[in-house]
Amino acid sequence: MAQCRLCNATNKSISKELGVCLKCIRERPEEALPITMHAHKKSRAAFGLPAEPPRFSHGIPCHICVNECRIPEDGLGYCGLRKNIEGSLKGVSPKEGKLSWYHDPLPTNCVADWVCPGGTGAGYPRFACSSGPEHGYKNLAVFFHACSFNCLFCQNWHFRGETLRFRTTPVERLVSDVDERTSCICFFGGDPTSQLPFALEASRKALEARKGKILRICWETNGSMHQSLLDEMIELALSSGGCIKFDLKAWDENLHIALTGITNKRTIENFSRVGEKVGMRPVPPLLIASTLLVPGYIDEQEIGSLVRFVSSISPDIPYSLLGFYPHFCMSDLRVTTKSSAQRCLEAAHETGLKNVRIGNVHLLG
Amino acid sequence: MVSKAMKKQGLLFEKLEENKVRCNTCQRRCTVAEGQTGWCMTRVNVQGVLYSTIYGEVSSVSVNPIEKKPVFHFLPGSKWLSLGSLGCNFRCPGCQNWEIAHWQKGPMDTSYLSPEELVSHAKAAGCQGISWTFNEPALWFEYTLDGAKLAKACGLHTNYVTNGFITKEAFEIIAPFLDVYRVDIKGFSDRTYLRIGQIQEFKGILQVTQKAKEYGMHVEVVTNIIPGFNDQEAELRGIASWIKNNLGPDTPWHITGFHPHHKLTHLHPTPLSELERGWSIGKEEGLRYVYLGNLPGHKYENTYCHRCGELLIERYVFDVIKNAIKDGKCPDCKTTIPGRFKKE
């Protein structure tokens, strides 16, 4: 039970760390956002990550993501991966990354498992190894140790402890683990965005090594990357039978900034950009949307707006509404309740979107 | 003399004409001509660039319980590394640390401690956190910022023991790295602040303190009652009611007794009756946790549950004799006690 520091409302749907309620974020953003921004800075301080994207006019520009950092001498970019040392950015590169990975037997619990080749056999025989779930095959799950956002509800927040470690891994080391039973690679994290040059390099090398075999390249992302990198992701996913899973955190920009620390402008633009290509390969679907139902913050109004946007691009885009589990700075919130998930699902159905479902049903309270 | 290596470029200053600069670290916002220092004497203009002369220069360092700050509702009984440097932006005539706080020039009797050494000392001594105290930490802004960043990344807590005269922009920079804001509110009129701190206007102190609360920092307020300076009812009632309305009724308010010191040796110590009157004013204005300090053994050194009156923490000066709070709650009526307490 926490109290909103603006309107003094007290209830179980207010995150103590975030400090303000949904109503105040929507109606008094100029007062609420400085408070939520402080929560972000504080959460990043605990991991030695920069409080906000550096914007030094004489700093070295990094164009990989929406943050468009300009990194000063001896400073780090927002994601924490690149440092300006004597005028050049050192840290990760297309050849060296900060990541870990594991093999996940298919079918697995991926956001797209209900529509993708690995989970359903969609696209068989060109893109899937069997006409149903790909039993006996594996997904190579590649977890990147950094992110371009700072979601206070992060479900994988432990990566933050790895971001500033010096150790990097060569791209060949990852590629060598793609074996004959690996039918897809999924890049997630953290987020693949801030290490896309590495992920793209790894994908190309892996596809080369498995030429003529099924190897789908999939992405699970916040969608904040530069459009030129997105175009390369689309190309790889389209040609390999992979998918791009966009996690749409919030529609209202202020709410997005409150929860993630960063604007959603680029994510929305990028989603539309991928949306233009969905007709090029309807099966298996190229683009999949998901949203975490954060209690007290992502309500049916928010879901309604997001789903209307997705539906306007194509009513065929699959959309997963995900149950929330208390994590990281929002560990004082409850799990998403069945009734609230149901209300969101109904709001989604009303827009005419054809493929909506609730994921993580086992987490609902 | 100040060695050149110890100088650190200031983070908050703007260049003016004729190589002058304006320092934006504290609310004095001094204009400093080339070759001159600001009012605090710790920032010097060298060829149009402002430098801190005290970066890392430590005049005093010790390990104490957090009660000594005083902070009563944040990990009671925990050990903290306390350290300070030289200089102040106030000139309180009864200052208890005037030898270091009112330092103006001449050799600095200090030792250099890097932020890395500071954090490793605190860890080695088994401290839960670091308090910047003894002199005004805002003057030490660049060093406290580097130290606080490192401390947070290493899992330590942080505490600013301050007169609150830091600028809003400096506060915004360091705020993400501070857990506790232990601020003095020395009076409730510009006249009192002029007499005590030699500043013209005090409302900026309230504004920054309110920001600390909004940002979710743990805030505790101290008022040292100096006979003839700030002991009028209107001053005390003004402070208490401002705390209640702007920081909330759960904010601890420490009323401490004055001891004749420095330039005020001619005054008598604050009478017990005056301190108890201050306590009553705090309670009348709706504050739930009002404490009396510098009165060893007085019952108002203790913490009592605001709901049922149960004795929760018994103290003697800086020692916790007994702490009955369980999982942040009163063991009797199970009310949540404001602050941060060890989880069982």
# chains A, B, ... in the order shown; residues from 1 in each chain; ligands from 1
$ closest_atom_pairs --of "chain B" --to "chain A" --cutoff "6 Å" --atoms "only C-alpha atoms" --output "JSON lines"
{"residue": "B:Lys152", "atom": "CA", "partner": "A:Ala46", "partner_atom": "CA", "distance": 4.9}
{"residue": "B:Ala153", "atom": "CA", "partner": "A:Ala46", "partner_atom": "CA", "distance": 4.4}
{"residue": "B:Pro176", "atom": "CA", "partner": "A:Lys42", "partner_atom": "CA", "distance": 4.3}
{"residue": "B:Tyr215", "atom": "CA", "partner": "A:Ile35", "partner_atom": "CA", "distance": 5.5}
$ write_last_selection --atoms "N, CA, C and O atoms" --output "PDB file, in the first residue's frame"
ATOM      1  N   LYS B 152      26.408   4.310  -3.948  1.00  0.00           N
ATOM      2  CA  LYS B 152      25.166   3.659  -4.358  1.00  0.00           C
ATOM      3  C   LYS B 152      25.462   2.431  -5.209  1.00  0.00           C
ATOM      4  O   LYS B 152      24.808   1.402  -5.067  1.00  0.00           O
ATOM      5  N   ALA B 153      26.450   2.555  -6.088  1.00  0.00           N
ATOM      6  CA  ALA B 153      26.790   1.410  -6.943  1.00  0.00           C
ATOM      7  C   ALA B 153      27.374   0.262  -6.123  1.00  0.00           C
ATOM      8  O   ALA B 153      27.405  -0.875  -6.581  1.00  0.00           O
ATOM      9  N   PRO B 176      19.463  11.666  -7.094  1.00  0.00           N
ATOM     10  CA  PRO B 176      19.294  10.226  -7.315  1.00  0.00           C
ATOM     11  C   PRO B 176      20.240   9.368  -6.482  1.00  0.00           C
ATOM     12  O   PRO B 176      20.031   8.168  -6.366  1.00  0.00           O
ATOM     13  N   TYR B 215      10.715  13.441  -3.984  1.00  0.00           N
ATOM     14  CA  TYR B 215      11.527  12.416  -4.624  1.00  0.00           C
ATOM     15  C   TYR B 215      11.617  11.145  -3.785  1.00  0.00           C
ATOM     16  O   TYR B 215      12.336  10.222  -4.138  1.00  0.00           O
TER      17      TYR B 215
END
$ residues_around --residues "Gly365 in chain A" --least-positions-apart "3" --cutoff "10 Å" --atoms "only C-alpha atoms" --output "number ranges by chain"
A: 323-325, 334-341, 361-362
$ residues_around --residues "range 199-209 of chain A" --least-positions-apart "5" --cutoff "7 Å" --atoms "only C-alpha atoms" --output "NGL selection string"
:A and (94 or 171 or 175 or 178 or 215 or 217)
$ residues_around --residues "Gly77 in chain B" --least-positions-apart "4" --cutoff "9 Å" --atoms "only C-alpha atoms" --output "ChimeraX atom specification"
/B:65-67,72,318-320,323
$ write_last_selection --atoms "C-alpha atoms" --output "short mmCIF file (atom, residue, chain, number, x, y, z; two decimals), in the first residue's frame"
data_model
loop_
_atom_site.label_atom_id
_atom_site.label_comp_id
_atom_site.auth_asym_id
_atom_site.auth_seq_id
_atom_site.Cartn_x
_atom_site.Cartn_y
_atom_site.Cartn_z
CA PRO B 65 25.64 5.47 14.80
CA ILE B 66 23.18 7.29 12.54
CA GLU B 67 21.49 8.64 15.70
CA PHE B 72 16.05 8.29 14.12
CA PHE B 318 23.26 8.16 20.48
CA ASP B 319 22.76 4.61 21.69
CA VAL B 320 19.74 2.46 20.94
CA ASN B 323 14.28 -1.46 19.52
#
$ closest_residue --among "B:Leu156, B:Leu75, B:Cys40, B:Ile225" --to "Arg277 in chain B" --atoms "only C-alpha atoms"
B:Ile225
$ atom_distance --atom1 "CA of Ile173 in chain B" --atom2 "CA of Val161 in chain B"
16.6 Å
$ select_by_dssp --residues "range 49-266 of chain A" --states "strand (DSSP E)" --output "ChimeraX atom specification"
/A:60-61,70-71,82-85,88-91,96-97,99-105,138-144,169-170,182-189,216-221,244-247
$ residues_around --residues "Asn222 in chain A" --least-positions-apart "6" --cutoff "7 Å" --atoms "only C-alpha atoms" --output "list in words"
Asp191, Phe246, Asp247, Leu248 and Thr267 of chain A
$ residues_around --residues "Asn355 in chain A" --least-positions-apart "5" --cutoff "9 Å" --atoms "only C-alpha atoms" --output "NGL selection string"
:A and (315-320 or 349)
$ write_last_selection --atoms "N, CA and C atoms" --output "CSV table (one decimal), in the first residue's frame"
chain,number,residue,atom,x,y,z
A,315,PRO,N,-5.3,-5.7,-38.8
A,315,PRO,CA,-6.1,-6.4,-37.7
A,315,PRO,C,-5.6,-7.8,-37.6
A,316,ASP,N,-4.6,-8.3,-38.4
A,316,ASP,CA,-4.1,-9.6,-38.3
A,316,ASP,C,-2.9,-9.8,-37.4
A,317,ILE,N,-2.4,-8.6,-36.9
A,317,ILE,CA,-1.2,-8.7,-36.1
A,317,ILE,C,-1.5,-9.4,-34.8
A,318,PRO,N,-0.8,-10.5,-34.4
A,318,PRO,CA,-1.0,-11.1,-33.1
A,318,PRO,C,-0.6,-10.3,-32.0
A,319,TYR,N,-1.4,-10.3,-30.9
A,319,TYR,CA,-1.1,-9.4,-29.8
A,319,TYR,C,-1.3,-10.2,-28.5
A,320,SER,N,-0.2,-10.2,-27.7
A,320,SER,CA,-0.2,-10.9,-26.4
A,320,SER,C,-0.3,-9.9,-25.2
A,349,HIS,N,-10.7,-6.8,-27.9
A,349,HIS,CA,-11.6,-7.4,-28.9
A,349,HIS,C,-12.5,-6.4,-29.5
$ residues_around --residues "Leu275 in chain B" --least-positions-apart "3" --cutoff "10 Å" --atoms "only C-alpha atoms" --output "list in words"
Asn224, Ile225, Asp231, Ile255, Thr256, Gly257, Phe258, Thr270, Pro271, Leu272, Gly278, Trp279, Ser280, Ile281, Tyr291, Leu292, Gly293 and Leu295 of chain B
$ atom_distance --atom1 "CA of Asn302 in chain B" --atom2 "CA of Ala324 in chain B"
11.5 Å
$ atom_distance --atom1 "CA of Glu269 in chain A" --atom2 "CA of Thr351 in chain A"
20.5 Å
$ closest_residue --among "A:Val310, A:Val142, A:Leu255, A:Ile214" --to "Glu276 in chain A" --atoms "only C-alpha atoms"
A:Val310
$ select_by_dssp --residues "range 285-337 of chain A" --states "helix (DSSP H, G or I)" --output "count of residues only"
17
$ decode --residues "range 112-241 of chain B" --atoms "C-alpha atoms" --output "PDB file, in the first residue's frame"
ATOM      1  CA  TYR B 112      43.018  13.635   0.763  1.00  0.00           C
ATOM      2  CA  LEU B 113      40.645  10.692   0.466  1.00  0.00           C
ATOM      3  CA  SER B 114      39.585   9.590  -3.014  1.00  0.00           C
ATOM      4  CA  PRO B 115      35.937   8.579  -3.558  1.00  0.00           C
ATOM      5  CA  GLU B 116      37.153   4.986  -4.056  1.00  0.00           C
ATOM      6  CA  GLU B 117      39.040   5.056  -0.721  1.00  0.00           C
ATOM      7  CA  LEU B 118      36.026   6.592   0.973  1.00  0.00           C
ATOM      8  CA  VAL B 119      33.729   3.788  -0.150  1.00  0.00           C
ATOM      9  CA  SER B 120      36.237   1.082   0.662  1.00  0.00           C
ATOM     10  CA  HIS B 121      36.815   2.568   4.164  1.00  0.00           C
ATOM     11  CA  ALA B 122      33.083   2.593   4.785  1.00  0.00           C
ATOM     12  CA  LYS B 123      32.747  -1.018   3.651  1.00  0.00           C
ATOM     13  CA  ALA B 124      35.784  -2.159   5.646  1.00  0.00           C
ATOM     14  CA  ALA B 125      34.394  -0.509   8.783  1.00  0.00           C
ATOM     15  CA  GLY B 126      31.110  -2.376   8.360  1.00  0.00           C
ATOM     16  CA  CYS B 127      29.134   0.817   7.760  1.00  0.00           C
ATOM     17  CA  GLN B 128      25.677   0.796   6.219  1.00  0.00           C
ATOM     18  CA  GLY B 129      26.184   4.179   4.687  1.00  0.00           C
ATOM     19  CA  ILE B 130      28.059   7.447   4.364  1.00  0.00           C
ATOM     20  CA  SER B 131      27.040  10.792   5.887  1.00  0.00           C
ATOM     21  CA  TRP B 132      28.476  14.027   4.560  1.00  0.00           C
ATOM     22  CA  THR B 133      28.375  16.186   7.640  1.00  0.00           C
ATOM     23  CA  PHE B 134      30.435  18.451   9.971  1.00  0.00           C
ATOM     24  CA  ASN B 135      30.606  21.243   7.378  1.00  0.00           C
ATOM     25  CA  GLU B 136      28.087  22.084   4.651  1.00  0.00           C
ATOM     26  CA  PRO B 137      28.223  19.243   2.078  1.00  0.00           C
ATOM     27  CA  ALA B 138      26.877  21.428  -0.751  1.00  0.00           C
ATOM     28  CA  LEU B 139      30.237  23.222  -0.808  1.00  0.00           C
ATOM     29  CA  TRP B 140      31.829  19.846  -1.361  1.00  0.00           C
ATOM     30  CA  PHE B 141      29.402  19.171  -4.172  1.00  0.00           C
ATOM     31  CA  GLU B 142      31.689  17.571  -6.762  1.00  0.00           C
ATOM     32  CA  TYR B 143      33.280  15.249  -4.222  1.00  0.00           C
ATOM     33  CA  THR B 144      30.041  14.277  -2.513  1.00  0.00           C
ATOM     34  CA  LEU B 145      28.517  13.564  -5.929  1.00  0.00           C
ATOM     35  CA  ASP B 146      31.374  11.270  -6.979  1.00  0.00           C
ATOM     36  CA  GLY B 147      31.332   9.571  -3.584  1.00  0.00           C
ATOM     37  CA  ALA B 148      27.563   9.149  -3.535  1.00  0.00           C
ATOM     38  CA  LYS B 149      27.514   7.670  -7.041  1.00  0.00           C
ATOM     39  CA  LEU B 150      30.130   5.144  -6.088  1.00  0.00           C
ATOM     40  CA  ALA B 151      28.511   4.426  -2.731  1.00  0.00           C
ATOM     41  CA  LYS B 152      25.166   3.659  -4.358  1.00  0.00           C
ATOM     42  CA  ALA B 153      26.790   1.410  -6.943  1.00  0.00           C
ATOM     43  CA  CYS B 154      28.453  -0.461  -4.065  1.00  0.00           C
ATOM     44  CA  GLY B 155      25.253  -0.952  -2.078  1.00  0.00           C
ATOM     45  CA  LEU B 156      25.829   1.719   0.585  1.00  0.00           C
ATOM     46  CA  HIS B 157      23.268   4.240   1.783  1.00  0.00           C
ATOM     47  CA  THR B 158      23.943   7.968   1.678  1.00  0.00           C
ATOM     48  CA  ASN B 159      23.004  10.912   3.861  1.00  0.00           C
ATOM     49  CA  TYR B 160      23.370  14.676   3.373  1.00  0.00           C
ATOM     50  CA  VAL B 161      23.476  16.578   6.679  1.00  0.00           C
ATOM     51  CA  THR B 162      22.813  20.041   5.367  1.00  0.00           C
ATOM     52  CA  ASN B 163      21.563  23.547   6.000  1.00  0.00           C
ATOM     53  CA  GLY B 164      19.502  23.116   2.811  1.00  0.00           C
ATOM     54  CA  PHE B 165      20.938  26.169   1.035  1.00  0.00           C
ATOM     55  CA  ILE B 166      22.026  24.106  -1.988  1.00  0.00           C
ATOM     56  CA  THR B 167      20.608  25.304  -5.325  1.00  0.00           C
ATOM     57  CA  LYS B 168      17.784  23.414  -6.954  1.00  0.00           C
ATOM     58  CA  GLU B 169      19.953  22.500  -9.930  1.00  0.00           C
ATOM     59  CA  ALA B 170      22.758  21.097  -7.773  1.00  0.00           C
ATOM     60  CA  PHE B 171      20.219  19.179  -5.709  1.00  0.00           C
ATOM     61  CA  GLU B 172      18.645  17.702  -8.849  1.00  0.00           C
ATOM     62  CA  ILE B 173      22.024  16.322  -9.897  1.00  0.00           C
ATOM     63  CA  ILE B 174      22.869  14.635  -6.620  1.00  0.00           C
ATOM     64  CA  ALA B 175      19.344  13.628  -5.562  1.00  0.00           C
ATOM     65  CA  PRO B 176      19.294  10.226  -7.315  1.00  0.00           C
ATOM     66  CA  PHE B 177      22.274   9.214  -5.221  1.00  0.00           C
ATOM     67  CA  LEU B 178      20.949  10.292  -1.813  1.00  0.00           C
ATOM     68  CA  ASP B 179      18.785   8.209   0.507  1.00  0.00           C
ATOM     69  CA  VAL B 180      18.550  10.504   3.509  1.00  0.00           C
ATOM     70  CA  TYR B 181      18.208  14.300   3.628  1.00  0.00           C
ATOM     71  CA  ARG B 182      18.843  15.569   7.153  1.00  0.00           C
ATOM     72  CA  VAL B 183      18.135  19.235   6.935  1.00  0.00           C
ATOM     73  CA  ASP B 184      18.248  22.078   9.441  1.00  0.00           C
ATOM     74  CA  ILE B 185      15.347  24.472   9.476  1.00  0.00           C
ATOM     75  CA  LYS B 186      16.812  27.084  11.739  1.00  0.00           C
ATOM     76  CA  GLY B 187      13.909  29.502  11.864  1.00  0.00           C
ATOM     77  CA  PHE B 188      10.840  30.625  10.026  1.00  0.00           C
ATOM     78  CA  SER B 189      11.573  34.198   9.025  1.00  0.00           C
ATOM     79  CA  ASP B 190      14.112  35.940   6.850  1.00  0.00           C
ATOM     80  CA  ARG B 191      15.146  37.993   9.878  1.00  0.00           C
ATOM     81  CA  THR B 192      16.070  34.899  11.881  1.00  0.00           C
ATOM     82  CA  TYR B 193      17.961  33.406   8.970  1.00  0.00           C
ATOM     83  CA  LEU B 194      19.806  36.688   8.505  1.00  0.00           C
ATOM     84  CA  ARG B 195      20.856  36.685  12.156  1.00  0.00           C
ATOM     85  CA  ILE B 196      21.823  33.024  12.245  1.00  0.00           C
ATOM     86  CA  GLY B 197      23.101  32.194   8.788  1.00  0.00           C
ATOM     87  CA  GLN B 198      23.732  35.622   7.305  1.00  0.00           C
ATOM     88  CA  ILE B 199      21.471  34.923   4.346  1.00  0.00           C
ATOM     89  CA  GLN B 200      18.762  37.232   3.013  1.00  0.00           C
ATOM     90  CA  GLU B 201      16.002  34.787   2.191  1.00  0.00           C
ATOM     91  CA  PHE B 202      15.144  31.284   3.427  1.00  0.00           C
ATOM     92  CA  LYS B 203      12.259  30.182   1.208  1.00  0.00           C
ATOM     93  CA  GLY B 204      14.662  28.411  -1.181  1.00  0.00           C
ATOM     94  CA  ILE B 205      15.625  26.069   1.666  1.00  0.00           C
ATOM     95  CA  LEU B 206      12.007  25.041   2.040  1.00  0.00           C
ATOM     96  CA  GLN B 207      11.613  24.550  -1.707  1.00  0.00           C
ATOM     97  CA  VAL B 208      14.580  22.190  -1.974  1.00  0.00           C
ATOM     98  CA  THR B 209      13.491  20.289   1.138  1.00  0.00           C
ATOM     99  CA  GLN B 210      10.054  19.802  -0.358  1.00  0.00           C
ATOM    100  CA  LYS B 211      11.686  18.435  -3.504  1.00  0.00           C
ATOM    101  CA  ALA B 212      13.591  15.897  -1.383  1.00  0.00           C
ATOM    102  CA  LYS B 213      10.292  14.714   0.042  1.00  0.00           C
ATOM    103  CA  GLU B 214       8.652  14.540  -3.397  1.00  0.00           C
ATOM    104  CA  TYR B 215      11.527  12.416  -4.624  1.00  0.00           C
ATOM    105  CA  GLY B 216      10.882   9.927  -1.861  1.00  0.00           C
ATOM    106  CA  MET B 217      14.037  10.604   0.136  1.00  0.00           C
ATOM    107  CA  HIS B 218      13.924   9.963   3.834  1.00  0.00           C
ATOM    108  CA  VAL B 219      13.773  13.459   5.358  1.00  0.00           C
ATOM    109  CA  GLU B 220      14.348  14.436   8.996  1.00  0.00           C
ATOM    110  CA  VAL B 221      14.439  18.023  10.223  1.00  0.00           C
ATOM    111  CA  VAL B 222      16.494  19.570  13.019  1.00  0.00           C
ATOM    112  CA  THR B 223      15.953  22.870  14.769  1.00  0.00           C
ATOM    113  CA  ASN B 224      18.483  23.961  17.349  1.00  0.00           C
ATOM    114  CA  ILE B 225      16.723  26.398  19.670  1.00  0.00           C
ATOM    115  CA  ILE B 226      18.992  29.331  20.389  1.00  0.00           C
ATOM    116  CA  PRO B 227      17.696  31.629  23.141  1.00  0.00           C
ATOM    117  CA  GLY B 228      16.803  35.036  21.719  1.00  0.00           C
ATOM    118  CA  PHE B 229      17.253  33.951  18.115  1.00  0.00           C
ATOM    119  CA  ASN B 230      14.590  31.446  17.140  1.00  0.00           C
ATOM    120  CA  ASP B 231      12.798  30.573  20.358  1.00  0.00           C
ATOM    121  CA  GLN B 232       9.667  32.644  19.722  1.00  0.00           C
ATOM    122  CA  GLU B 233       6.464  30.660  19.443  1.00  0.00           C
ATOM    123  CA  ALA B 234       5.708  32.003  15.948  1.00  0.00           C
ATOM    124  CA  GLU B 235       9.018  30.679  14.625  1.00  0.00           C
ATOM    125  CA  LEU B 236       8.610  27.215  16.113  1.00  0.00           C
ATOM    126  CA  ARG B 237       4.953  26.962  15.172  1.00  0.00           C
ATOM    127  CA  GLY B 238       5.804  28.122  11.650  1.00  0.00           C
ATOM    128  CA  ILE B 239       8.412  25.396  11.253  1.00  0.00           C
ATOM    129  CA  ALA B 240       6.201  22.667  12.720  1.00  0.00           C
ATOM    130  CA  SER B 241       3.197  23.558  10.644  1.00  0.00           C
TER     131      SER B 241
END
